[in-house]
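Scroll down for the structure; my scribbles are underneath it.
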Amino acid sequence: MILAFSVHTLSLIYRFLVFGSLPFGSLPLSLSFYSWTLVGIFLLMLINFRIHVMGSFISPLAFIAVLISFSKGWSAVTTREPWSGIFKSAWVPLHVTFSLLGDSLFALAFCAGILYLIQEYRLKKKRKALVRISSLPSLETLDRVNFRCLTIGFPLLTVGLIIGAIGAEYTLNIPWRYDPKVIWSVLTWFLYAGMIHARLIKGWRGKKAAILAIFGFIIVSFSYLGVNIFLTGYHHFY
Amino acid sequence: MHLIVVGLNHKTAPVEVREAITFSQEEMGDAFRMLLSLASVSEAVILCTCNRVEIYAVTPEVHAGISEVKFFLSKYHSISPEVLENHLYTYSNEEAVLHLFRVSSSLDSMVIGEPQILGQVKEAYSVACKHRACSAILNKLFHKAFSVAKRIRTETKIGSSAVSISYAAVELAKKIFETLSDKIVMVVGAGEMAELAVKHLINTGIKDVYVTNRTYERAIKLAQEFKGKAIPFDELYTAMRNVDIVITSTGSTSFIIVPEKVREVMRLRKGRSVFFIDIAVPRDIDPSVDAIDNVFLYNIDDLKEVVETNLRERMKEAEKAEQIIAAEVKQFIHWMSVLQVTPTIVSIREKAEEIRKRELEKTLLSLKNLSEEEKRIIELMSASIVNKILHHPVTILKEEAAGRDGNLYIAAARKLFNIDDEAKEGE
């Protein structure tokens with residue numbers, strides 16, 4: 001995993017040197033970047049949490065992201081993105097970077113949530129499936145990972161959205177409020193805001209938090225991928 | 001030289017017999033003195049635990065060795081040999097090595113995979129060393145046994161899961177909590193098993209122990225024992241707000257802990273998990289408590305189930321361990337046979353060297369006009385002839401010594417090279 005991450009990092013540096021830009025210009029490119037941030041953040045988290053088992057969930061996720069990225073067009077990865085005026089500003093890279101970092105953290109929270117539910121199911125079930133339980137991290141660890149991802153991911157998403165909003169005012173002279181991606185993203189924002197609120201105020205920890213993290217990630221993924229596929233808007237290049 | 005083991009364990013002898021032939025620490029000196037004075041015993045280790053008494057010995061002759069050790073056991077403990085005979089097992093060489101490896105890896109234990117036995121074997125070996133009863137073969141054998149046991153611990157999961165109720169409780173706590181060092185455990189009531197579980201938790205490292213009991217004095221007494229805090233019984237639920245693990249073990253006939261109250265506690269705890277362990281029969285905790293989110297309730301039957309599943313798992317791991325042991329036994333037997341053949345090979349070489357030197361001297365005396373260089377060349381030639389001739393027999397001897405007819409080959413070699421019997425075999 002570390003090896004793959006290193007290779008990916010090198011390819012990103014190479015691409016930056018050749019094209020002078022971070023790979024945000026199209027959906028395949030941003031997906032590829034997304035898988036990079038996902039793995040990167042996971043590797044960073046291993047320093048603080050004993051969650052190596054989660055690697056077996058992160059890898060396929062990153063793999064799927066890269067796979068979609070490739071299937072959407074290999075050429076897009078290797079060639080310069082179609083420049084349009086708006087990419088020249090600093091707003092877009094910042095907007096995309098922050099949003100994708102946030103998304104990656106939510107993906108991690110999603111994985112922790114799934115593992116939590118599996119572990120919780122086994123512990124509640126008692127009689128069966130206890131044998132192989134030993135390999136999974138403890139519930140408390142998974143819950144902590146979940147919350148940490150939320151508390152870091154949420155501000156990143158917030159910053160990403162704000163930059164997107166301001167940037168849009170500067171670079172596009174069209175009303176941005178009705179773009180489906182924007183609507184979905186704002187929805188996501190409220191969902192995660194609610195999640196953090198529920199946890200801190202009402203004590204929605206553990207199982208509920210895990211289910212919410214899973215639900216949240218599905219919404220995030222839809223606003224990231226689904227909107228592009230099913231709906232149209234000016235985010236069409238992603 | 002041969003290895004033998006004579007002993008009995010929980011499978012072959014009832015406890016009355018086992019305790020009758022046990023060795024106390026104080027008697028060890030006498031026991032070793034008697035053992036080593038036997039004609040056929042040159043090295044010995046006495047392994048004595050509550051489940052087994054075994055004597056490992058090195059002897060020049062298997063049958064004589066075994067009967068002498070048996071005689072020693074019956075005489076030392078004044079038990080008739082006939083009675084003892086029914087409970088004893090004996091192994092020699094390969095089987096003896098296998099037996100020790102299995103014992104120290106805890107494959108022969110009552111609870112397979114229990115960790116104490118290795119310590120006991122180590123202790124037995126060090127006592128034997130203290131009484132100078134160990135030499136080359138037993139030193140090597142026991143050190144090998146320790147490393148095999150360690151290898152099995154790390155390479156199989158034989159000791160990884162809990163096989164006692166109280167350990168299972170600790171193991172489960174570790175599945176729920178990341179660390180126990182910031183957690184508080186509360187004991188409700190008192191009971192041997194509950195106390196054992198708390199002791200295990202304290203050993204694992206827990207922040208604090210609360211004790212509560214209907215009789216406050218008993219709570220205070222138990223709290224002192226655990227260096228914990230006594231809680232009045234009516235503050236049970238108030239205390240529970242800060243407690244992460246609750247162990248109940250009261251004599252109450254109705255439920256002490258009920259879901260409505262636990263829900264209330266969970267709300268105040270902001271959902272932080274609680275692990276309830278109900279060891280009492282009849283149960284102290286309403287089973288529907290388990291349905292509450294972030295609450296985990298295990299009663300005595302659940303824990304027993306965990307233990308049984310783990311035991312079955314250990315059996316599977318034991319099979320892997322047996323394979324490791326089989327390979328290690330082979331290696332050890334090979335080492336022993338090489339050790340056995342070494343004196344013979346040394347004697348053959350010495351004899352050849354002696355002949356070479358004698359003949360070289362004679363030759364050089366008759367060849368008077370040789371230069372130093374020419375002398376050196378002749379000397380080299382003699383050495384290389386000896387080496388070339390001996391190379392094959394020695395190689396074959398080393399190889400065959402590990403085989404079934406090893407002793408036969410050694411005897412034949414000694415006869416063929418006419419080695420006098422002064423050099424004692426296997427020394």
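Chain labels follow the order of the structure tokens: the first chain is A, the next B, and so on; residue numbering restarts at 1 in every chain, and ligands are counted from 1 in their shown order.
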Could the residues of chain B that have an atom at most 9 Å from chain A be listed as a tab-separated table, each with its closest atom pair and the distance in Å to one decimal, counting only C-alpha atoms and ordered by chain and ascending residue number?
residue	atom	partner	partner_atom	distance
B:Ser160	CA	A:Ser134	CA	9.0
B:Ser161	CA	A:Val131	CA	8.4
B:Leu172	CA	A:Leu123	CA	8.1
B:Ala173	CA	A:Ser138	CA	8.9
B:Lys174	CA	A:Ser138	CA	6.5
B:Lys175	CA	A:Ser138	CA	4.4
B:Ile176	CA	A:Leu139	CA	4.8
B:Phe177	CA	A:Glu140	CA	5.0
B:Glu178	CA	A:Glu140	CA	5.3
B:Thr179	CA	A:Glu140	CA	8.5
B:Met266	CA	A:Gly203	CA	8.6
B:Arg267	CA	A:Gly203	CA	7.0
B:Leu268	CA	A:Gly203	CA	8.4
B:Arg269	CA	A:Gly203	CA	7.5
B:Lys270	CA	A:Gly203	CA	3.7
B:Gly271	CA	A:Gly203	CA	5.0
B:Arg272	CA	A:Arg205	CA	6.8
B:Ser273	CA	A:Gly206	CA	7.7
B:Asp290	CA	A:Lys124	CA	7.6
B:Ala291	CA	A:Lys124	CA	8.6
B:Asp293	CA	A:Lys207	CA	6.7
B:Asn294	CA	A:Gly206	CA	6.2
B:Val295	CA	A:Lys124	CA	8.9
B:Phe296	CA	A:Lys124	CA	6.6
B:Leu297	CA	A:Lys124	CA	7.9
B:Tyr298	CA	A:Lys126	CA	7.8
B:Asp302	CA	A:Lys126	CA	6.4
B:Leu303	CA	A:Lys126	CA	8.4
B:Glu305	CA	A:Arg127	CA	6.1
B:Val306	CA	A:Arg127	CA	6.8
B:Thr309	CA	A:Val131	CA	6.7
B:Asn310	CA	A:Val131	CA	6.6
B:Glu313	CA	A:Val131	CA	7.3
Next item on the list: List the neighbours of region 45-48 of chain B out to 9 Å using only C-alpha atoms; skip same-chain residues closer than 4 positions along the sequence, and give me the result as a ChimeraX atom specification.
Entry: /B:7,22-24,28,31-32,52-57,120-121,123-129,133-134,138
Can I get the selected residues back with N, CA, C and O atoms, as a short mmCIF file (atom, residue, chain, number, x, y, z; two decimals), in the first residue's frame?
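Output below, filename out.cif:
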data_model
loop_
_atom_site.label_atom_id
_atom_site.label_comp_id
_atom_site.auth_asym_id
_atom_site.auth_seq_id
_atom_site.Cartn_x
_atom_site.Cartn_y
_atom_site.Cartn_z
N GLY B 7 7.44 -41.27 33.36
CA GLY B 7 6.60 -40.34 34.10
C GLY B 7 5.14 -40.73 34.11
O GLY B 7 4.74 -41.77 33.58
N THR B 22 5.24 -36.90 44.21
CA THR B 22 5.71 -35.54 43.92
C THR B 22 7.04 -35.29 44.63
O THR B 22 7.40 -35.98 45.59
N PHE B 23 7.81 -34.32 44.11
CA PHE B 23 9.09 -33.97 44.72
C PHE B 23 9.00 -32.54 45.24
O PHE B 23 8.66 -31.64 44.49
N SER B 24 9.30 -32.34 46.52
CA SER B 24 9.28 -30.97 47.02
C SER B 24 10.63 -30.32 46.74
O SER B 24 11.63 -31.02 46.51
N MET B 28 14.92 -32.00 46.46
CA MET B 28 15.53 -32.10 45.15
C MET B 28 17.00 -32.54 45.21
O MET B 28 17.44 -33.35 44.41
N ALA B 31 17.13 -36.20 45.78
CA ALA B 31 16.60 -36.90 44.62
C ALA B 31 17.64 -36.97 43.51
O ALA B 31 17.87 -38.03 42.93
N PHE B 32 18.27 -35.82 43.22
CA PHE B 32 19.27 -35.81 42.14
C PHE B 32 20.48 -36.65 42.49
O PHE B 32 21.04 -37.34 41.64
N ARG B 52 1.68 -33.47 36.46
CA ARG B 52 2.60 -34.49 35.96
C ARG B 52 3.87 -34.57 36.79
O ARG B 52 4.31 -33.58 37.38
N VAL B 53 4.44 -35.79 36.82
CA VAL B 53 5.78 -36.00 37.37
C VAL B 53 6.53 -36.79 36.31
O VAL B 53 6.08 -37.85 35.89
N GLU B 54 7.65 -36.22 35.84
CA GLU B 54 8.39 -36.90 34.78
C GLU B 54 9.88 -36.79 35.05
O GLU B 54 10.35 -35.76 35.54
N ILE B 55 10.59 -37.85 34.72
CA ILE B 55 12.04 -37.80 34.83
C ILE B 55 12.64 -38.01 33.45
O ILE B 55 12.37 -39.01 32.78
N TYR B 56 13.39 -37.01 33.01
CA TYR B 56 14.11 -37.10 31.74
C TYR B 56 15.54 -37.50 32.07
O TYR B 56 16.13 -36.94 33.00
N ALA B 57 16.07 -38.46 31.36
CA ALA B 57 17.43 -38.90 31.68
C ALA B 57 18.19 -39.30 30.43
O ALA B 57 17.59 -39.63 29.40
N GLN B 120 7.14 -23.82 34.05
CA GLN B 120 7.43 -24.94 34.95
C GLN B 120 8.55 -25.81 34.40
O GLN B 120 9.42 -26.28 35.14
N VAL B 121 8.56 -26.01 33.07
CA VAL B 121 9.63 -26.80 32.47
C VAL B 121 10.96 -26.07 32.64
O VAL B 121 11.99 -26.66 32.98
N GLU B 123 11.76 -23.96 34.96
CA GLU B 123 12.13 -24.05 36.37
C GLU B 123 12.76 -25.41 36.66
O GLU B 123 13.82 -25.50 37.28
N ALA B 124 12.12 -26.49 36.16
CA ALA B 124 12.63 -27.84 36.39
C ALA B 124 14.05 -27.97 35.84
O ALA B 124 14.94 -28.54 36.49
N TYR B 125 14.27 -27.38 34.66
CA TYR B 125 15.59 -27.47 34.04
C TYR B 125 16.63 -26.70 34.87
O TYR B 125 17.73 -27.18 35.10
N SER B 126 16.23 -25.52 35.35
CA SER B 126 17.22 -24.72 36.08
C SER B 126 17.54 -25.36 37.43
O SER B 126 18.68 -25.29 37.90
N VAL B 127 16.56 -26.03 38.05
CA VAL B 127 16.84 -26.75 39.29
C VAL B 127 17.83 -27.88 39.02
O VAL B 127 18.80 -28.08 39.75
N ALA B 128 17.60 -28.60 37.92
CA ALA B 128 18.50 -29.70 37.55
C ALA B 128 19.91 -29.17 37.31
O ALA B 128 20.89 -29.78 37.72
N CYS B 129 20.00 -28.00 36.65
CA CYS B 129 21.32 -27.40 36.38
C CYS B 129 22.01 -27.06 37.69
O CYS B 129 23.21 -27.26 37.85
N ALA B 133 22.99 -31.71 37.24
CA ALA B 133 22.47 -32.95 36.69
C ALA B 133 22.36 -32.89 35.16
O ALA B 133 21.98 -33.86 34.53
N CYS B 134 22.65 -31.71 34.59
CA CYS B 134 22.52 -31.57 33.14
C CYS B 134 23.88 -31.43 32.49
O CYS B 134 24.75 -30.76 33.02
N LEU B 138 21.07 -32.99 27.63
CA LEU B 138 19.87 -32.38 28.20
C LEU B 138 19.90 -30.85 28.08
O LEU B 138 18.85 -30.23 27.89
#
Next item on the list: Please identify which residues in region 203-335 of chain B DSSP calls strand (DSSP E) from the backbone, and express them as JSON, numbers by chain.
Entry: {"B": [208, 209, 210, 211, 212, 213, 229, 230, 231, 232, 245, 246, 247, 248, 249, 274, 275, 276, 277, 278, 295, 296, 297, 298, 299]}
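One distance worth recording is that between CA of Pro115 (chain B) and CA of Gly159 (chain B), which is 7.1 Å.
For Ile41 (chain A), the list of residues within 9 Å, based on only C-alpha atoms and with local chain neighbours fewer than 3 positions off taken out, reads Trp36, Thr37, Leu38, Leu44, Met45, Leu46, Leu101, Ser104, Leu105 and Leu108 of chain A.
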Notebook entry, point to check: Any idea what's packed within 9 Å of region 206-222 of chain B, counting only C-alpha atoms, ignoring anything in its chain fewer than 2 positions away? Could you give it as a ChimeraX atom specification?
Noted result: /B:179-190,195,198,201-204,224-236,239,243,250
Write out as a PDB file with C-alpha atoms, in the first residue's frame each polymer residue whose atoms come within 8 Å of Pro60 (chain B), counting only C-alpha atoms; drop sequence neighbours fewer than 6 positions from it.
ATOM      1  CA  MET B   1      23.808 -42.322  24.520  1.00  0.00           C
ATOM      2  CA  HIS B   2      20.040 -42.455  24.673  1.00  0.00           C
ATOM      3  CA  SER B  40      22.738 -46.040  33.810  1.00  0.00           C
ATOM      4  CA  VAL B  41      21.914 -42.395  34.380  1.00  0.00           C
TER       5      VAL B  41
END
Next item on the list: Identify, on the basis of only C-alpha atoms, every residue whose closest approach to region 80-94 of chain B does not exceed 6 Å; exclude the query and any residue fewer than 6 positions from it along the same chain; express the result as a list of chain:residue names.
Entry: B:His2, B:Leu3, B:Ile4, B:Val5, B:Val6, B:Gly7, B:Leu8, B:Thr12, B:Ala13, B:Ser74
Convert the current residue selection to file output with all heavy atoms, as a tab-separated table (two decimals), in the first residue's frame.
chain	number	residue	atom	x	y	z
B	2	HIS	N	21.46	-42.48	25.01
B	2	HIS	CA	20.04	-42.45	24.67
B	2	HIS	C	19.29	-41.56	25.63
B	2	HIS	O	19.69	-41.38	26.78
B	2	HIS	CB	19.46	-43.86	24.73
B	2	HIS	CG	20.12	-44.80	23.78
B	2	HIS	ND1	19.78	-44.90	22.46
B	2	HIS	CD2	21.14	-45.68	23.98
B	2	HIS	CE1	20.55	-45.80	21.88
B	2	HIS	NE2	21.39	-46.28	22.78
B	3	LEU	N	18.17	-41.04	25.11
B	3	LEU	CA	17.30	-40.21	25.95
B	3	LEU	C	16.13	-41.06	26.40
B	3	LEU	O	15.55	-41.79	25.60
B	3	LEU	CB	16.73	-39.09	25.09
B	3	LEU	CG	17.43	-37.74	25.13
B	3	LEU	CD1	16.81	-36.86	24.08
B	3	LEU	CD2	17.30	-37.12	26.50
B	4	ILE	N	15.77	-40.94	27.67
B	4	ILE	CA	14.56	-41.63	28.10
B	4	ILE	C	13.72	-40.69	28.95
B	4	ILE	O	14.23	-39.72	29.52
B	4	ILE	CB	14.86	-42.91	28.93
B	4	ILE	CG1	15.81	-42.57	30.10
B	4	ILE	CG2	15.44	-44.00	28.06
B	4	ILE	CD1	15.88	-43.66	31.14
B	5	VAL	N	12.42	-40.96	29.00
B	5	VAL	CA	11.56	-40.26	29.94
B	5	VAL	C	10.64	-41.29	30.60
B	5	VAL	O	10.10	-42.17	29.94
B	5	VAL	CB	10.77	-39.12	29.27
B	5	VAL	CG1	10.03	-39.60	28.05
B	5	VAL	CG2	9.79	-38.49	30.24
B	6	VAL	N	10.56	-41.19	31.92
B	6	VAL	CA	9.65	-42.04	32.68
B	6	VAL	C	8.76	-41.10	33.47
B	6	VAL	O	9.26	-40.19	34.13
B	6	VAL	CB	10.43	-42.95	33.67
B	6	VAL	CG1	9.46	-43.78	34.50
B	6	VAL	CG2	11.39	-43.84	32.91
B	7	GLY	N	7.44	-41.27	33.36
B	7	GLY	CA	6.60	-40.34	34.10
B	7	GLY	C	5.14	-40.73	34.11
B	7	GLY	O	4.74	-41.77	33.58
B	8	LEU	N	4.37	-39.88	34.74
B	8	LEU	CA	2.91	-40.06	34.73
B	8	LEU	C	2.29	-38.68	34.73
B	8	LEU	O	2.91	-37.69	35.12
B	8	LEU	CB	2.46	-40.89	35.95
B	8	LEU	CG	2.98	-40.53	37.33
B	8	LEU	CD1	2.30	-39.32	37.89
B	8	LEU	CD2	2.77	-41.72	38.26
B	12	THR	N	-2.88	-40.50	33.01
B	12	THR	CA	-2.55	-41.89	33.36
B	12	THR	C	-2.67	-42.17	34.86
B	12	THR	O	-2.72	-43.33	35.25
B	12	THR	CB	-1.11	-42.24	32.93
B	12	THR	OG1	-0.20	-41.45	33.70
B	12	THR	CG2	-0.89	-41.98	31.46
B	13	ALA	N	-2.69	-41.11	35.67
B	13	ALA	CA	-2.70	-41.38	37.11
B	13	ALA	C	-3.68	-40.47	37.83
B	13	ALA	O	-3.74	-39.28	37.54
B	13	ALA	CB	-1.30	-41.18	37.68
B	74	SER	N	9.97	-45.81	42.67
B	74	SER	CA	9.23	-46.60	43.65
B	74	SER	C	9.97	-46.63	44.98
B	74	SER	O	9.36	-46.58	46.04
B	74	SER	CB	8.97	-48.01	43.12
B	74	SER	OG	10.16	-48.75	43.14
Next item on the list: Go through region 150-280 of chain B and collect every residue that DSSP, computed from the backbone, puts in helix (DSSP H, G or I); the answer should be as a PyMOL selection string.
Entry: chain B and resi 150-155+165-176+192-204+216-226+233-240+259-268
Note to self: For a test of reading the model, state the distance in Å between CA of Tyr34 (chain A) and CA of Val7 (chain A), rounded to one decimal.
What the structure shows: 14.8 Å
